[in-house]
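Chemist: Just so it is clear, I am handing over final.pdb, which has PDB, C-alpha atoms.
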ATOM      1  CA  MET A   1       3.973   4.865  10.492  1.00  0.00           C
ATOM      2  CA  LEU A   2       4.072   5.120   6.712  1.00  0.00           C
ATOM      3  CA  PHE A   3       4.370   2.096   4.448  1.00  0.00           C
ATOM      4  CA  MET A   4       4.889   1.765   0.715  1.00  0.00           C
ATOM      5  CA  ILE A   5       3.018  -1.158  -0.847  1.00  0.00           C
ATOM      6  CA  GLN A   6       4.004  -2.301  -4.328  1.00  0.00           C
ATOM      7  CA  TRP A   7       1.999  -5.025  -6.073  1.00  0.00           C
ATOM      8  CA  GLN A   8       1.680  -7.047  -9.246  1.00  0.00           C
ATOM      9  CA  ILE A   9      -1.621  -8.419 -10.549  1.00  0.00           C
ATOM     10  CA  ASN A  10      -1.640 -12.172 -11.077  1.00  0.00           C
ATOM     11  CA  HIS A  11      -1.527 -12.456 -14.873  1.00  0.00           C
ATOM     12  CA  ASP A  12      -4.075 -15.281 -14.956  1.00  0.00           C
ATOM     13  CA  GLN A  13      -6.577 -13.143 -13.054  1.00  0.00           C
ATOM     14  CA  LYS A  14      -5.958  -9.755 -14.640  1.00  0.00           C
ATOM     15  CA  MET A  15      -9.486  -9.314 -16.042  1.00  0.00           C
ATOM     16  CA  GLU A  16     -11.127 -10.508 -12.815  1.00  0.00           C
ATOM     17  CA  THR A  17      -8.972  -8.087 -10.840  1.00  0.00           C
ATOM     18  CA  TRP A  18      -9.796  -5.125 -13.085  1.00  0.00           C
ATOM     19  CA  GLU A  19     -13.509  -5.997 -12.912  1.00  0.00           C
ATOM     20  CA  THR A  20     -13.420  -6.120  -9.125  1.00  0.00           C
ATOM     21  CA  PHE A  21     -11.478  -2.877  -8.852  1.00  0.00           C
ATOM     22  CA  ALA A  22     -13.609  -1.049 -11.441  1.00  0.00           C
ATOM     23  CA  GLY A  23     -16.728  -1.938  -9.469  1.00  0.00           C
ATOM     24  CA  MET A  24     -15.415  -0.495  -6.220  1.00  0.00           C
ATOM     25  CA  THR A  25     -16.513   2.881  -4.873  1.00  0.00           C
ATOM     26  CA  PRO A  26     -14.708   5.325  -2.589  1.00  0.00           C
ATOM     27  CA  ALA A  27     -16.973   4.000   0.188  1.00  0.00           C
ATOM     28  CA  ASP A  28     -15.684   0.466  -0.502  1.00  0.00           C
ATOM     29  CA  ASP A  29     -12.101   1.736  -0.240  1.00  0.00           C
ATOM     30  CA  ALA A  30     -12.875   3.504   3.035  1.00  0.00           C
ATOM     31  CA  ALA A  31     -14.528   0.385   4.478  1.00  0.00           C
ATOM     32  CA  ALA A  32     -11.522  -1.790   3.594  1.00  0.00           C
ATOM     33  CA  GLU A  33      -9.123   0.729   5.106  1.00  0.00           C
ATOM     34  CA  GLN A  34     -11.177   0.993   8.289  1.00  0.00           C
ATOM     35  CA  ALA A  35     -11.486  -2.802   8.592  1.00  0.00           C
ATOM     36  CA  HIS A  36      -7.702  -3.154   8.545  1.00  0.00           C
ATOM     37  CA  GLY A  37      -6.767  -0.013  10.477  1.00  0.00           C
ATOM     38  CA  ILE A  38      -4.960   1.771   7.664  1.00  0.00           C
ATOM     39  CA  ARG A  39      -5.351   5.155   5.983  1.00  0.00           C
ATOM     40  CA  GLN A  40      -4.441   5.495   2.330  1.00  0.00           C
ATOM     41  CA  ILE A  41      -2.277   8.512   1.495  1.00  0.00           C
ATOM     42  CA  GLY A  42      -2.238   7.818  -2.238  1.00  0.00           C
ATOM     43  CA  ARG A  43      -2.354   5.021  -4.789  1.00  0.00           C
ATOM     44  CA  TRP A  44      -1.032   4.898  -8.353  1.00  0.00           C
ATOM     45  CA  HIS A  45      -1.491   2.268 -11.054  1.00  0.00           C
ATOM     46  CA  SER A  46       0.542   1.192 -14.069  1.00  0.00           C
ATOM     47  CA  VAL A  47      -2.383  -0.226 -16.005  1.00  0.00           C
ATOM     48  CA  ALA A  48      -0.343  -1.563 -18.934  1.00  0.00           C
ATOM     49  CA  ASP A  49       1.716  -3.962 -16.830  1.00  0.00           C
ATOM     50  CA  GLY A  50      -0.686  -4.562 -13.925  1.00  0.00           C
ATOM     51  CA  ARG A  51       1.528  -3.057 -11.255  1.00  0.00           C
ATOM     52  CA  GLY A  52       0.842  -0.426  -8.673  1.00  0.00           C
ATOM     53  CA  ILE A  53       2.061   1.414  -5.619  1.00  0.00           C
ATOM     54  CA  ALA A  54       0.353   2.888  -2.579  1.00  0.00           C
ATOM     55  CA  ILE A  55       1.460   4.842   0.435  1.00  0.00           C
ATOM     56  CA  VAL A  56      -0.567   4.045   3.557  1.00  0.00           C
ATOM     57  CA  GLU A  57      -0.439   5.082   7.177  1.00  0.00           C
ATOM     58  CA  ALA A  58      -0.905   2.465   9.897  1.00  0.00           C
ATOM     59  CA  ASP A  59       0.013   1.810  13.496  1.00  0.00           C
ATOM     60  CA  SER A  60       1.577  -1.550  12.692  1.00  0.00           C
ATOM     61  CA  ALA A  61       2.944  -3.777   9.979  1.00  0.00           C
ATOM     62  CA  GLU A  62       0.276  -6.304  10.957  1.00  0.00           C
ATOM     63  CA  SER A  63      -2.443  -3.864   9.868  1.00  0.00           C
ATOM     64  CA  VAL A  64      -0.805  -3.333   6.485  1.00  0.00           C
ATOM     65  CA  LEU A  65      -0.161  -7.026   5.924  1.00  0.00           C
ATOM     66  CA  GLY A  66      -3.748  -7.842   6.879  1.00  0.00           C
ATOM     67  CA  PHE A  67      -4.922  -5.391   4.224  1.00  0.00           C
ATOM     68  CA  CYS A  68      -2.587  -7.010   1.675  1.00  0.00           C
ATOM     69  CA  MET A  69      -3.966 -10.445   2.535  1.00  0.00           C
ATOM     70  CA  SER A  70      -7.433  -9.266   1.536  1.00  0.00           C
ATOM     71  CA  TRP A  71      -6.110  -8.876  -2.040  1.00  0.00           C
ATOM     72  CA  SER A  72      -3.862 -11.947  -2.066  1.00  0.00           C
ATOM     73  CA  ALA A  73      -6.267 -14.038  -4.174  1.00  0.00           C
ATOM     74  CA  VAL A  74      -5.739 -11.824  -7.238  1.00  0.00           C
ATOM     75  CA  LEU A  75      -2.404 -10.115  -6.664  1.00  0.00           C
ATOM     76  CA  SER A  76       0.666 -12.257  -7.136  1.00  0.00           C
ATOM     77  CA  THR A  77       3.294 -10.217  -5.293  1.00  0.00           C
ATOM     78  CA  PHE A  78       3.475  -7.603  -2.563  1.00  0.00           C
ATOM     79  CA  ASP A  79       6.461  -5.630  -1.381  1.00  0.00           C
ATOM     80  CA  VAL A  80       5.811  -3.715   1.834  1.00  0.00           C
ATOM     81  CA  THR A  81       8.431  -1.207   2.957  1.00  0.00           C
ATOM     82  CA  PRO A  82       8.355   1.216   5.891  1.00  0.00           C
ATOM     83  CA  VAL A  83       9.043   4.733   4.564  1.00  0.00           C
ATOM     84  CA  LEU A  84       9.404   8.260   5.923  1.00  0.00           C
ATOM     85  CA  ASP A  85       8.230  11.631   4.682  1.00  0.00           C
ATOM     86  CA  ASP A  86      10.660  14.553   4.354  1.00  0.00           C
ATOM     87  CA  ALA A  87      10.258  15.654   7.983  1.00  0.00           C
ATOM     88  CA  GLY A  88      10.947  12.173   9.356  1.00  0.00           C
ATOM     89  CA  THR A  89      13.935  11.698   7.077  1.00  0.00           C
ATOM     90  CA  ARG A  90      15.404  15.083   8.069  1.00  0.00           C
ATOM     91  CA  GLN A  91      14.984  14.227  11.751  1.00  0.00           C
ATOM     92  CA  ILE A  92      16.835  10.929  11.381  1.00  0.00           C
ATOM     93  CA  ALA A  93      19.542  12.437   9.156  1.00  0.00           C
ATOM     94  CA  SER A  94      20.081  15.306  11.591  1.00  0.00           C
ATOM     95  CA  ALA A  95      20.317  12.958  14.582  1.00  0.00           C
ATOM     96  CA  PHE A  96      22.767  10.722  12.731  1.00  0.00           C
ATOM     97  CA  LEU A  97      24.935  13.630  11.599  1.00  0.00           C
ATOM     98  CA  SER A  98      25.034  15.189  15.071  1.00  0.00           C
ATOM     99  CA  SER A  99      26.268  11.895  16.534  1.00  0.00           C
ATOM    100  CA  GLN A 100      29.260  11.757  14.193  1.00  0.00           C
TER     101      GLN A 100
END
Here is a file; write its structure as structure tokens.
Modeler:
Amino acid sequence: MLFMIQWQINHDQKMETWETFAGMTPADDAAAEQAHGIRQIGRWHSVADGRGIAIVEADSAESVLGFCMSWSAVLSTFDVTPVLDDAGTRQIASAFLSSQ
């Protein structure tokens, strides 16, 4: 399953958050993903306003929410939404349209 995670850095901890993130390596990212049973597809940051978005793959919402909890001390909001790629969306749209 694919999930979109949107977040906002807690304004009072912006510098601490950037310091933590800047010090991370790709190996740190991989370890965090493995610990929570997710696989990151991509992640993008809006540095000016402290927001970001990621697309991850996971077997359950619990895995994604567990990953989010690991950042909850420095991120003030999370929005987690199940999403589909083009193939999944076409499959659902085709099934819906054929049932009409």
Chemist: Give me, please, the distance in Å between atom CA of Ile38 of chain A and atom CA of Phe67 of chain A, quoted to one decimal.
Modeler: 7.9 Å
Chemist: Just to confirm, what's the straight-line distance from atom CA of Trp7 of chain A to atom CA of Thr77 of chain A in Å (one decimal)?
Modeler: 5.4 Å
Chemist: Rank nothing, just name the residue among A:Ile53, A:Ala32, A:Met24, A:Ala93 nearest to Ser70 of chain A, using only C-alpha atoms.
Modeler: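 So, comparing all the options, the nearest one is A:Ala32.
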Chemist: Closest to Lys14 of chain A among A:Ser76, A:Ser99, A:Thr81, A:Gln91, using all atoms listed in the file?
Modeler: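 Looking at the shortest contact to Lys14 of chain A, the residue is A:Ser76.
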Chemist: Under the rule that all atoms listed in the file are counted, which of A:Trp18, A:Leu2, A:Trp71, A:Gln100 is the nearest residue to Asp85 of chain A?
Modeler: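 Closest to Asp85 of chain A of all the choices is A:Leu2.
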Chemist: Supply segment 14-40 of chain A as a PDB file, in the frame of the given file, with N, CA and C atoms built in where the input has gaps.
Modeler:
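Result file part09.pdb:
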ATOM      1  N   LYS A  14      -5.997 -11.189 -14.359  1.00  0.00           N
ATOM      2  CA  LYS A  14      -5.958  -9.755 -14.640  1.00  0.00           C
ATOM      3  C   LYS A  14      -7.354  -9.184 -14.888  1.00  0.00           C
ATOM      4  N   MET A  15      -8.155  -9.835 -15.735  1.00  0.00           N
ATOM      5  CA  MET A  15      -9.486  -9.314 -16.042  1.00  0.00           C
ATOM      6  C   MET A  15     -10.392  -9.337 -14.810  1.00  0.00           C
ATOM      7  N   GLU A  16     -10.334 -10.417 -14.045  1.00  0.00           N
ATOM      8  CA  GLU A  16     -11.127 -10.508 -12.815  1.00  0.00           C
ATOM      9  C   GLU A  16     -10.743  -9.392 -11.848  1.00  0.00           C
ATOM     10  N   THR A  17      -9.455  -9.130 -11.740  1.00  0.00           N
ATOM     11  CA  THR A  17      -8.972  -8.087 -10.840  1.00  0.00           C
ATOM     12  C   THR A  17      -9.463  -6.722 -11.281  1.00  0.00           C
ATOM     13  N   TRP A  18      -9.336  -6.431 -12.582  1.00  0.00           N
ATOM     14  CA  TRP A  18      -9.796  -5.125 -13.085  1.00  0.00           C
ATOM     15  C   TRP A  18     -11.297  -4.972 -12.899  1.00  0.00           C
ATOM     16  N   GLU A  19     -12.054  -6.054 -13.108  1.00  0.00           N
ATOM     17  CA  GLU A  19     -13.509  -5.997 -12.912  1.00  0.00           C
ATOM     18  C   GLU A  19     -13.852  -5.695 -11.456  1.00  0.00           C
ATOM     19  N   THR A  20     -13.180  -6.365 -10.543  1.00  0.00           N
ATOM     20  CA  THR A  20     -13.420  -6.120  -9.125  1.00  0.00           C
ATOM     21  C   THR A  20     -13.085  -4.680  -8.765  1.00  0.00           C
ATOM     22  N   PHE A  21     -11.916  -4.232  -9.195  1.00  0.00           N
ATOM     23  CA  PHE A  21     -11.478  -2.877  -8.852  1.00  0.00           C
ATOM     24  C   PHE A  21     -12.382  -1.822  -9.490  1.00  0.00           C
ATOM     25  N   ALA A  22     -12.757  -2.018 -10.746  1.00  0.00           N
ATOM     26  CA  ALA A  22     -13.609  -1.049 -11.441  1.00  0.00           C
ATOM     27  C   ALA A  22     -14.965  -0.905 -10.764  1.00  0.00           C
ATOM     28  N   GLY A  23     -15.437  -1.970 -10.135  1.00  0.00           N
ATOM     29  CA  GLY A  23     -16.728  -1.938  -9.469  1.00  0.00           C
ATOM     30  C   GLY A  23     -16.708  -1.348  -8.072  1.00  0.00           C
ATOM     31  N   MET A  24     -15.525  -1.029  -7.577  1.00  0.00           N
ATOM     32  CA  MET A  24     -15.415  -0.495  -6.220  1.00  0.00           C
ATOM     33  C   MET A  24     -15.714   1.004  -6.207  1.00  0.00           C
ATOM     34  N   THR A  25     -16.220   1.464  -5.078  1.00  0.00           N
ATOM     35  CA  THR A  25     -16.513   2.881  -4.873  1.00  0.00           C
ATOM     36  C   THR A  25     -15.559   3.439  -3.810  1.00  0.00           C
ATOM     37  N   PRO A  26     -15.492   4.756  -3.691  1.00  0.00           N
ATOM     38  CA  PRO A  26     -14.708   5.325  -2.589  1.00  0.00           C
ATOM     39  C   PRO A  26     -15.174   4.816  -1.221  1.00  0.00           C
ATOM     40  N   ALA A  27     -16.473   4.549  -1.083  1.00  0.00           N
ATOM     41  CA  ALA A  27     -16.973   4.000   0.188  1.00  0.00           C
ATOM     42  C   ALA A  27     -16.423   2.595   0.431  1.00  0.00           C
ATOM     43  N   ASP A  28     -16.286   1.802  -0.645  1.00  0.00           N
ATOM     44  CA  ASP A  28     -15.684   0.466  -0.502  1.00  0.00           C
ATOM     45  C   ASP A  28     -14.234   0.574  -0.047  1.00  0.00           C
ATOM     46  N   ASP A  29     -13.499   1.512  -0.641  1.00  0.00           N
ATOM     47  CA  ASP A  29     -12.101   1.736  -0.240  1.00  0.00           C
ATOM     48  C   ASP A  29     -12.026   2.108   1.239  1.00  0.00           C
ATOM     49  N   ALA A  30     -12.886   3.047   1.642  1.00  0.00           N
ATOM     50  CA  ALA A  30     -12.875   3.504   3.035  1.00  0.00           C
ATOM     51  C   ALA A  30     -13.210   2.366   3.990  1.00  0.00           C
ATOM     52  N   ALA A  31     -14.160   1.519   3.617  1.00  0.00           N
ATOM     53  CA  ALA A  31     -14.528   0.385   4.478  1.00  0.00           C
ATOM     54  C   ALA A  31     -13.374  -0.597   4.629  1.00  0.00           C
ATOM     55  N   ALA A  32     -12.667  -0.871   3.536  1.00  0.00           N
ATOM     56  CA  ALA A  32     -11.522  -1.790   3.594  1.00  0.00           C
ATOM     57  C   ALA A  32     -10.406  -1.205   4.453  1.00  0.00           C
ATOM     58  N   GLU A  33     -10.157   0.081   4.302  1.00  0.00           N
ATOM     59  CA  GLU A  33      -9.123   0.729   5.106  1.00  0.00           C
ATOM     60  C   GLU A  33      -9.492   0.667   6.591  1.00  0.00           C
ATOM     61  N   GLN A  34     -10.730   0.999   6.905  1.00  0.00           N
ATOM     62  CA  GLN A  34     -11.177   0.993   8.289  1.00  0.00           C
ATOM     63  C   GLN A  34     -11.107  -0.415   8.883  1.00  0.00           C
ATOM     64  N   ALA A  35     -11.498  -1.416   8.106  1.00  0.00           N
ATOM     65  CA  ALA A  35     -11.486  -2.802   8.592  1.00  0.00           C
ATOM     66  C   ALA A  35     -10.087  -3.255   8.971  1.00  0.00           C
ATOM     67  N   HIS A  36      -9.078  -2.719   8.296  1.00  0.00           N
ATOM     68  CA  HIS A  36      -7.702  -3.154   8.545  1.00  0.00           C
ATOM     69  C   HIS A  36      -6.879  -2.123   9.311  1.00  0.00           C
ATOM     70  N   GLY A  37      -7.473  -1.004   9.674  1.00  0.00           N
ATOM     71  CA  GLY A  37      -6.767  -0.013  10.477  1.00  0.00           C
ATOM     72  C   GLY A  37      -5.682   0.730   9.725  1.00  0.00           C
ATOM     73  N   ILE A  38      -5.924   0.998   8.440  1.00  0.00           N
ATOM     74  CA  ILE A  38      -4.960   1.771   7.664  1.00  0.00           C
ATOM     75  C   ILE A  38      -5.654   3.007   7.105  1.00  0.00           C
ATOM     76  N   ARG A  39      -4.842   3.971   6.673  1.00  0.00           N
ATOM     77  CA  ARG A  39      -5.351   5.155   5.983  1.00  0.00           C
ATOM     78  C   ARG A  39      -4.507   5.353   4.732  1.00  0.00           C
ATOM     79  N   GLN A  40      -5.165   5.342   3.594  1.00  0.00           N
ATOM     80  CA  GLN A  40      -4.441   5.495   2.330  1.00  0.00           C
ATOM     81  C   GLN A  40      -4.049   6.957   2.129  1.00  0.00           C
TER      82      GLN A  40
END
